[in-house]
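A short write-up of the structure that comes next.
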Amino acid sequence: MTLAIVLAAGPSAAGLTTATGEPLADRLAAQLRRAGADEVRFAANLDELTDLIATATAPVLITGTDLVAHTAVLRHLATSPVGPTVALVLGDPPVPGRTAVREERGQVVDAGALDALDGDATGVFGGALRVGVDDLPTLAAAARAAASGMLPVAAPIGPVGDVAPLPTTAGVGGSAAAGAPGPAVDRLFAGLAALGTLIFAQRVRLLVAHRVEDTAGLAAAEAAVTAVDEDRAELRLSVKEKDDFFSTYFVSTWSPYLVRLSARLRLTPTGVTVISVLFALAAAVLFGVGGRPALVGGAVLLYLGFVLDCVDGQLARYTRHFSAWGGWLDTMADRAKEYVVYAGLGFGVSHAGLGNGWALAIAAMTLQTVRHMTDTWYGVLHDEAARRPRAATNASGGIGDRLNAASTRVQADTGSLSYWLKRTVVFPIGERWALIALTVALFNPLVSLIAVLVWGVLAFAYTGALRTLRARWMWVPVLDTVDATLHRDDGPLARWLPVLRPMGPLTLAVIAALGPAVLLVGALLDDAPDQLRWAVPVALLVLLVGGLGAGAAHNGPLDWLVPAALRAAEYLFAIAVGVVGGVPGWLIFGYVFVLTVHHYDLTARLEKRQAAPPLHAATLGWEGRSVLVALAAIAGIAGVGLATLGAYLLVVFVVSVVLAWFVRPARSARASVAPAGVGGAAPR
């Protein structure tokens with residue numbers, strides 16, 4: 001049950017009434033109910049709020065009594081999928097007593113009085129926040145501290161709730177002591193931020209939200225709210241504010257019409273995702289069939305499939321139907337669709353006698369997966385750097401500092417040529433699908449795959465070089481803050497191997513990839529690759545060098561690249577074994593495809609701080625799978641080995657998905673109603 005609390009905002013907002021004569025606090029309470037709150041309570045002060053928090057078992061919505069906003073603003077805050085704790089942040093100029101905010105990458109990284117932020121404020125607190133269940137104890141500590149005139153200690157160590165006396169000249173949110181004129185909701189928010197809570201920022205775009213202090217301000221804010229069509233604004237808000245070039249100009253210009261139609265037809269985002277998968281499958285089949293009509297038809301279906309791929313997310317934002325299952329399915333479906341299209345192109349190349357299409361398809365899939373692994377962990381690195389004090393990121397100048405500043409300037413120059421070049425050169429999914437559709441319709445699948453590989457390699461080189469420089473500047477040991485063994489996808493063998501600390505885990509992972517790479521190149525250049533079977537155990541030994549870094553600290557500035565390097569090592573080894581063993585290209589593609597599905601599943605969970613897949617231990621780890629593949633190749637049954645292990649991993653994946661998303665939630669739901677009433681009936 002979602003609890004909403006309307007907290008007295010301060011004496012200036014007390015007694016304000018709307019144009020209809022309704023107290024502003026009462027209207028806020030009604031809006032909170034329409035926004036999804038099951039129960040709305042009023043708190044006259046922070047002590048009462050602390051008592052209410054103690055009874056909460058679900059996320060809590062808190063607003064002051066001085067907020068004038070569309071109901072959609074509160075609904076977006078209540079349903080925001082960006083994180084468990086989210087605060088409303090406005091672009092209004094700060095006023096005395098209000099909490100100023102500095103945000104980076106959508107996170108509130110500092111909050112307090114305007115002068116305390118040294119001119120780095122990017123907005124002001126909007127007087128409303130949603131606090132996740134896990135952060136409720138910290139919220140209670142912040143409320144107690146603010147109520148007693150104490151300032152929470154912002155140090156990242158020590159038990160949550162440590163407090164220190166407020167200075168006599170300034171306090172949380174600009175308040176000097178308890179009972180000072182600063183609104184209670186501001187002091188509460190500043191205290192929550194000072195305790196190190198990860199708070200995401202919810203910006204207001206197209207809709208209206210203002211905090212008011214007097215009747216004139218209230219009247220102006222109400223007029224601004226009335227002037228905006230709420231539903232039309234929500235439909236426009238379903239489109240990402242900053243998307244890629246192709247999506248912005250060739251999809252989002254008309255996809256909102258499909259969003260509204262889908263909503264009227266009561267389609268769910270998951271349903272739209274399934275339809276987009278069917279379009280991509282049909283396109284892949286047509287690419288494999290070949291012939292100009294089939295290729296053009298496949299290109300059209302591919303474009304429409306991408307439009308629907310955008311619509312599912314837009315529909316989720318428009319209807320506010322978010323779920324962990326939907327987000328996971330969307331991520332997995334995106335990758336599966338793209339790689340199935342690569343398979344269709346590869347088959348089409350081979351079927352038309354244009355060359356070894358499967359080799360190109362395998363190369364495209366491997367390259368794109370390794371790129372995605374670096375994208376994922378660089379994003380986590382950036383988020384972690386934003387949460388840390390600037391001194392901790394080694395921000396002392398140099399090329400990394402200049403690159404970071406240049407990137408910030410370009411991103412701020414929305415719509416400029418440099419802005420679009422920066423967003424396009426990295427070869428995002430919209431541009432990839434557009435390139436495939438155009439090249440296959442105008443030329444053939446061979447040109448399409450070559451174009452994807454060339455642009456992909458250039459984009460990888462560009463992003464890799466710049467990110468390496470910026471990462472060395474930030475110096476944030478991301479993998480040292482999590483379970484590195486899980487993120488590496490290590491199995492029992494890697495954990496058993498001794499630790500070679502001096503070389504570092506990244507160096508060892510790169511060496512691990514070099515052995516399979518050399519074997520693969522030799523096999524491709526040799527007219528009789530099966531004669532290189534003796535080299536398979538040698539390449540395996542080099543590969544296992546990567547396991548010597550499993551137990552070492554992953555605290556280097558570039559150790560975020562370790563998972564991607566290990567993915568590349570495993571894929572290259574499997575491909576090399578397949579080539580040496582004379583395995584058909586389609587079977588090698590299928591095995592690597594299953595590996596990518598496993599790794600995307602793992603990454604999609606871990607980057608959101610979720611638990612590992614239920615049967616993760618049964619996947620054997622990258623080194624365990626490689627040993628089995630090598631043994632099959634040495635025994636002369638590489639094809640049988642890849643097919644058997646691939647089928648096994650696919651079954652494990654499917655069972656894991658069923659357990660994680662259906663069986664376990666159902667058990668939890670039954671357990672939650674287990675304390676039945678008299679006679680075993682569940683209480684109503």
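All residue names refer to the structure tokens as shown: chains lettered A, B, ... in order, residues numbered from 1 in each chain, ligands numbered from 1 in order.
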* All residues 12 Å or closer to Val133 (chain A), only C-alpha atoms, same chain fewer than 6 positions away omitted, as a PyMOL selection string -> chain A and resi 1-3+53-61+83-85+139-140
* Could you pull the residues within 10 Å of Tyr257 (chain A), counting only C-alpha atoms, minus those fewer than 6 positions along the same chain, as an MDAnalysis selection string? -> chainID A and resid 235 263 311
* Mind checking which residues fall within 9 Å of Asp330 (chain A), counting only C-alpha atoms, ignoring those fewer than 5 positions away in the same chain, and posting them as number ranges by chain? => A: 269-270, 273, 309, 312-313, 325, 335
* Residues near Ala512 (chain A), cut-off 6 Å, only C-alpha atoms, skip fewer than 6 positions along chain, as a count of residues only -> 5
* Asked: So which residues of region 87-293 of chain A fall under strand (DSSP E) by DSSP, listed as a ChimeraX atom specification?
  -> /A:87-90,100-104,107-112,123-131,150-152,163-165,199-203,209-211
* Write out as number ranges by chain which residues come within 8 Å of Leu32 (chain A) when counting only C-alpha atoms, dropping same-chain ones fewer than 4 positions away. => A: 4, 28, 36-37, 40, 71, 74-75
Please produce a file of those selected residues containing all heavy atoms, as a JSON list (two decimals), in the first residue's frame.
```json
[["chain", "number", "residue", "atom", "x", "y", "z"],
["A", 4, "ALA", "N", 1.04, 8.31, 1.02],
["A", 4, "ALA", "CA", 1.42, 9.67, 0.67],
["A", 4, "ALA", "C", 1.23, 10.56, 1.90],
["A", 4, "ALA", "O", 0.23, 10.42, 2.62],
["A", 4, "ALA", "CB", 0.60, 10.19, -0.49],
["A", 28, "LEU", "N", -3.83, 19.01, -3.03],
["A", 28, "LEU", "CA", -2.67, 18.15, -3.19],
["A", 28, "LEU", "C", -2.98, 16.72, -2.75],
["A", 28, "LEU", "O", -2.55, 15.76, -3.38],
["A", 28, "LEU", "CB", -1.50, 18.71, -2.37],
["A", 28, "LEU", "CG", -0.64, 19.77, -3.06],
["A", 28, "LEU", "CD1", 0.30, 20.41, -2.06],
["A", 28, "LEU", "CD2", 0.14, 19.15, -4.21],
["A", 36, "GLY", "N", -2.02, 7.71, -7.61],
["A", 36, "GLY", "CA", -1.79, 6.31, -7.28],
["A", 36, "GLY", "C", -1.61, 5.99, -5.81],
["A", 36, "GLY", "O", -1.44, 4.82, -5.46],
["A", 37, "ALA", "N", -1.67, 7.00, -4.94],
["A", 37, "ALA", "CA", -1.51, 6.73, -3.51],
["A", 37, "ALA", "C", -2.75, 6.02, -2.97],
["A", 37, "ALA", "O", -3.89, 6.41, -3.26],
["A", 37, "ALA", "CB", -1.28, 8.03, -2.75],
["A", 40, "VAL", "N", -3.58, 8.73, 2.00],
["A", 40, "VAL", "CA", -2.98, 10.05, 2.13],
["A", 40, "VAL", "C", -3.17, 10.53, 3.55],
["A", 40, "VAL", "O", -4.29, 10.54, 4.08],
["A", 40, "VAL", "CB", -3.61, 11.07, 1.14],
["A", 40, "VAL", "CG1", -2.95, 12.43, 1.30],
["A", 40, "VAL", "CG2", -3.45, 10.58, -0.30],
["A", 71, "THR", "N", -1.49, 16.96, -12.02],
["A", 71, "THR", "CA", -1.52, 15.65, -11.36],
["A", 71, "THR", "C", -0.51, 14.71, -12.02],
["A", 71, "THR", "O", 0.09, 13.86, -11.35],
["A", 71, "THR", "CB", -2.93, 15.05, -11.44],
["A", 71, "THR", "OG1", -3.85, 15.93, -10.79],
["A", 71, "THR", "CG2", -2.98, 13.68, -10.77],
["A", 74, "LEU", "N", 2.89, 14.52, -10.33],
["A", 74, "LEU", "CA", 2.95, 13.64, -9.16],
["A", 74, "LEU", "C", 2.86, 12.17, -9.57],
["A", 74, "LEU", "O", 3.50, 11.32, -8.95],
["A", 74, "LEU", "CB", 1.81, 13.99, -8.21],
["A", 74, "LEU", "CG", 1.86, 15.40, -7.61],
["A", 74, "LEU", "CD1", 0.61, 15.69, -6.79],
["A", 74, "LEU", "CD2", 3.10, 15.57, -6.75],
["A", 75, "ARG", "N", 2.10, 11.89, -10.61],
["A", 75, "ARG", "CA", 2.00, 10.50, -11.08],
["A", 75, "ARG", "C", 3.34, 10.05, -11.66],
["A", 75, "ARG", "O", 3.76, 8.92, -11.43],
["A", 75, "ARG", "CB", 0.90, 10.38, -12.13],
["A", 75, "ARG", "CG", 0.70, 8.95, -12.62],
["A", 75, "ARG", "CD", -0.61, 8.77, -13.37],
["A", 75, "ARG", "NE", -0.74, 9.68, -14.50],
["A", 75, "ARG", "CZ", -1.58, 10.70, -14.56],
["A", 75, "ARG", "NH1", -2.38, 10.96, -13.54],
["A", 75, "ARG", "NH2", -1.65, 11.48, -15.61]]
```
* Separation of CA of Arg105 (chain A) from CA of Ala386 (chain A), in Å and rounded to one decimal ->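 According to the coordinates, CA of Arg105 (chain A) and CA of Ala386 (chain A) are separated by 7.2 Å.
Nearest to Ala647 (chain A) of all the residues A:Leu587, A:Val86, A:Leu566, A:Ile362 is A:Leu587, counting only C-alpha atoms.
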* region 223-407 of chain A: which residues are alpha helix (DSSP H) by DSSP, as a ChimeraX atom specification? -> /A:223-226,230-237,245-250,255-264,269-289,292-319,324-351,357-387,399-407
Selection to disk with C-alpha atoms, as a compact mmCIF listing (two decimals), in the first residue's frame:
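Heads up, here's the output in selection-v8.txt:
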```
# COMPACT_ATOMS: atom_id res chain seq x y z
CA ALA A 223 -3.10 29.91 -14.61
CA ALA A 224 0.03 28.23 -15.95
CA VAL A 225 -1.39 24.79 -15.11
CA THR A 226 -4.68 25.55 -16.82
CA GLU A 230 -2.22 17.65 -19.67
CA ASP A 231 -2.99 14.64 -21.87
CA ARG A 232 -1.38 16.14 -24.96
CA ALA A 233 1.70 16.99 -22.93
CA GLU A 234 1.88 13.45 -21.55
CA LEU A 235 1.73 12.04 -25.07
CA ARG A 236 4.64 14.25 -26.12
CA LEU A 237 6.49 13.30 -22.95
CA PHE A 245 19.12 11.30 -34.92
CA PHE A 246 17.23 8.60 -36.80
CA SER A 247 14.81 7.99 -33.94
CA THR A 248 14.19 11.72 -33.50
CA TYR A 249 13.45 12.60 -37.12
CA PHE A 250 12.24 9.36 -38.69
CA SER A 255 5.17 7.22 -33.35
CA PRO A 256 3.03 9.10 -30.75
CA TYR A 257 0.01 8.43 -32.97
CA LEU A 258 0.72 4.72 -32.65
CA VAL A 259 1.15 5.16 -28.91
CA ARG A 260 -2.30 6.70 -28.56
CA LEU A 261 -3.81 4.01 -30.81
CA SER A 262 -2.11 1.28 -28.78
CA ALA A 263 -3.44 2.78 -25.57
CA ARG A 264 -6.98 2.88 -26.98
CA PRO A 269 4.13 -2.43 -23.74
CA THR A 270 4.99 -6.14 -23.58
CA GLY A 271 2.43 -6.86 -26.29
CA VAL A 272 3.98 -4.22 -28.54
CA THR A 273 7.43 -5.70 -27.86
CA VAL A 274 6.20 -9.12 -29.01
CA ILE A 275 4.78 -7.61 -32.21
CA SER A 276 8.09 -5.85 -32.92
CA VAL A 277 9.90 -9.19 -32.50
CA LEU A 278 7.58 -10.76 -35.08
CA PHE A 279 8.34 -7.94 -37.54
CA ALA A 280 12.09 -8.45 -37.07
CA LEU A 281 11.74 -12.22 -37.54
CA ALA A 282 9.79 -11.69 -40.75
CA ALA A 283 12.44 -9.25 -41.98
CA ALA A 284 15.20 -11.76 -41.23
CA VAL A 285 13.38 -14.46 -43.20
CA LEU A 286 13.00 -12.16 -46.21
CA PHE A 287 16.68 -11.22 -46.05
CA GLY A 288 17.50 -14.92 -46.15
CA VAL A 289 15.17 -15.59 -49.08
CA ARG A 292 14.86 -7.59 -54.74
CA PRO A 293 11.17 -7.70 -53.69
CA ALA A 294 12.01 -9.76 -50.59
CA LEU A 295 14.93 -7.51 -49.64
CA VAL A 296 12.86 -4.33 -50.01
CA GLY A 297 9.98 -5.91 -48.09
CA GLY A 298 12.37 -7.00 -45.35
CA ALA A 299 13.80 -3.48 -45.13
CA VAL A 300 10.30 -2.03 -44.69
CA LEU A 301 9.45 -4.60 -42.03
CA LEU A 302 12.73 -3.90 -40.25
CA TYR A 303 11.95 -0.18 -40.14
CA LEU A 304 8.43 -0.80 -38.86
CA GLY A 305 9.81 -3.22 -36.28
CA PHE A 306 12.13 -0.51 -35.03
CA VAL A 307 9.26 1.95 -34.86
CA LEU A 308 7.36 -0.53 -32.69
CA ASP A 309 10.51 -1.03 -30.64
CA CYS A 310 10.32 2.69 -29.83
CA VAL A 311 6.57 2.58 -29.31
CA ASP A 312 6.73 -0.02 -26.53
CA GLY A 313 8.84 2.29 -24.37
CA GLN A 314 6.76 5.32 -25.30
CA LEU A 315 3.58 3.43 -24.43
CA ALA A 316 5.05 2.46 -21.06
CA ARG A 317 5.83 6.12 -20.33
CA TYR A 318 2.42 7.30 -21.56
CA THR A 319 0.42 4.76 -19.55
CA ALA A 324 11.04 -5.05 -13.95
CA TRP A 325 9.82 -7.86 -16.19
CA GLY A 326 8.93 -5.44 -18.99
CA GLY A 327 12.30 -3.68 -18.79
CA TRP A 328 14.18 -6.97 -18.84
CA LEU A 329 12.12 -8.32 -21.73
CA ASP A 330 12.62 -5.15 -23.76
CA THR A 331 16.40 -5.36 -23.30
CA MET A 332 16.55 -9.03 -24.22
CA ALA A 333 14.18 -8.63 -27.17
CA ASP A 334 16.22 -5.75 -28.62
CA ARG A 335 19.37 -7.84 -28.75
CA ALA A 336 17.64 -11.00 -29.92
CA LYS A 337 15.93 -9.13 -32.77
CA GLU A 338 19.16 -7.54 -33.94
CA TYR A 339 21.09 -10.80 -33.91
CA VAL A 340 18.31 -12.71 -35.65
CA VAL A 341 18.49 -10.07 -38.38
CA TYR A 342 22.27 -10.67 -38.60
CA ALA A 343 21.50 -14.37 -38.99
CA GLY A 344 19.07 -13.65 -41.80
CA LEU A 345 21.63 -11.48 -43.55
CA GLY A 346 24.34 -14.10 -43.07
CA PHE A 347 22.16 -16.84 -44.51
CA GLY A 348 21.20 -14.56 -47.38
CA VAL A 349 24.85 -13.92 -48.26
CA SER A 350 25.72 -17.63 -48.23
CA HIS A 351 22.50 -18.62 -50.02
CA GLY A 357 27.84 -14.80 -44.71
CA TRP A 358 27.89 -16.69 -41.44
CA ALA A 359 31.42 -15.49 -40.70
CA LEU A 360 30.32 -11.89 -41.20
CA ALA A 361 27.21 -12.40 -39.07
CA ILE A 362 29.26 -13.95 -36.26
CA ALA A 363 31.75 -11.07 -36.42
CA ALA A 364 28.95 -8.47 -36.30
CA MET A 365 27.26 -10.15 -33.33
CA THR A 366 30.51 -10.57 -31.40
CA LEU A 367 31.59 -6.99 -32.03
CA GLN A 368 28.24 -5.57 -31.01
CA THR A 369 28.05 -7.64 -27.82
CA VAL A 370 31.53 -6.63 -26.68
CA ARG A 371 30.64 -3.01 -27.46
CA HIS A 372 27.51 -3.30 -25.35
CA MET A 373 29.49 -4.72 -22.46
CA THR A 374 31.81 -1.70 -22.53
CA ASP A 375 28.81 0.65 -22.86
CA THR A 376 27.18 -0.89 -19.81
CA TRP A 377 30.14 -0.63 -17.51
CA TYR A 378 31.23 2.78 -18.73
CA GLY A 379 27.74 4.03 -17.87
CA VAL A 380 28.00 2.50 -14.40
CA LEU A 381 31.45 4.09 -14.06
CA HIS A 382 30.06 7.51 -14.95
CA ASP A 383 27.17 7.14 -12.49
CA GLU A 384 29.53 6.11 -9.73
CA ALA A 385 31.85 9.04 -10.49
CA ALA A 386 28.92 11.46 -10.31
CA ARG A 387 28.01 10.21 -6.84
CA ILE A 399 43.21 15.72 -21.18
CA GLY A 400 40.47 13.79 -19.38
CA ASP A 401 39.20 16.99 -17.77
CA ARG A 402 39.19 18.76 -21.12
CA LEU A 403 37.39 15.88 -22.82
CA ASN A 404 34.78 15.80 -20.09
CA ALA A 405 34.20 19.55 -20.39
CA ALA A 406 34.00 19.33 -24.19
CA SER A 407 31.49 16.49 -24.00
```
* Close residues, Asp51 (chain A) itself excluded, 12 Å, only C-alpha atoms, min 3 positions apart in chain, as an NGL selection string -> :A and (5 or 41-48 or 54-56 or 136-137 or 139-141 or 143-144)
* To do: Might you pull out every residue within 7 Å of Tyr591 (chain A), with only C-alpha atoms counted and same-chain residues fewer than 2 positions away left off, and present them as a VMD selection string?
  => chain A and resid 587 to 589 593 to 595 642 to 643 646
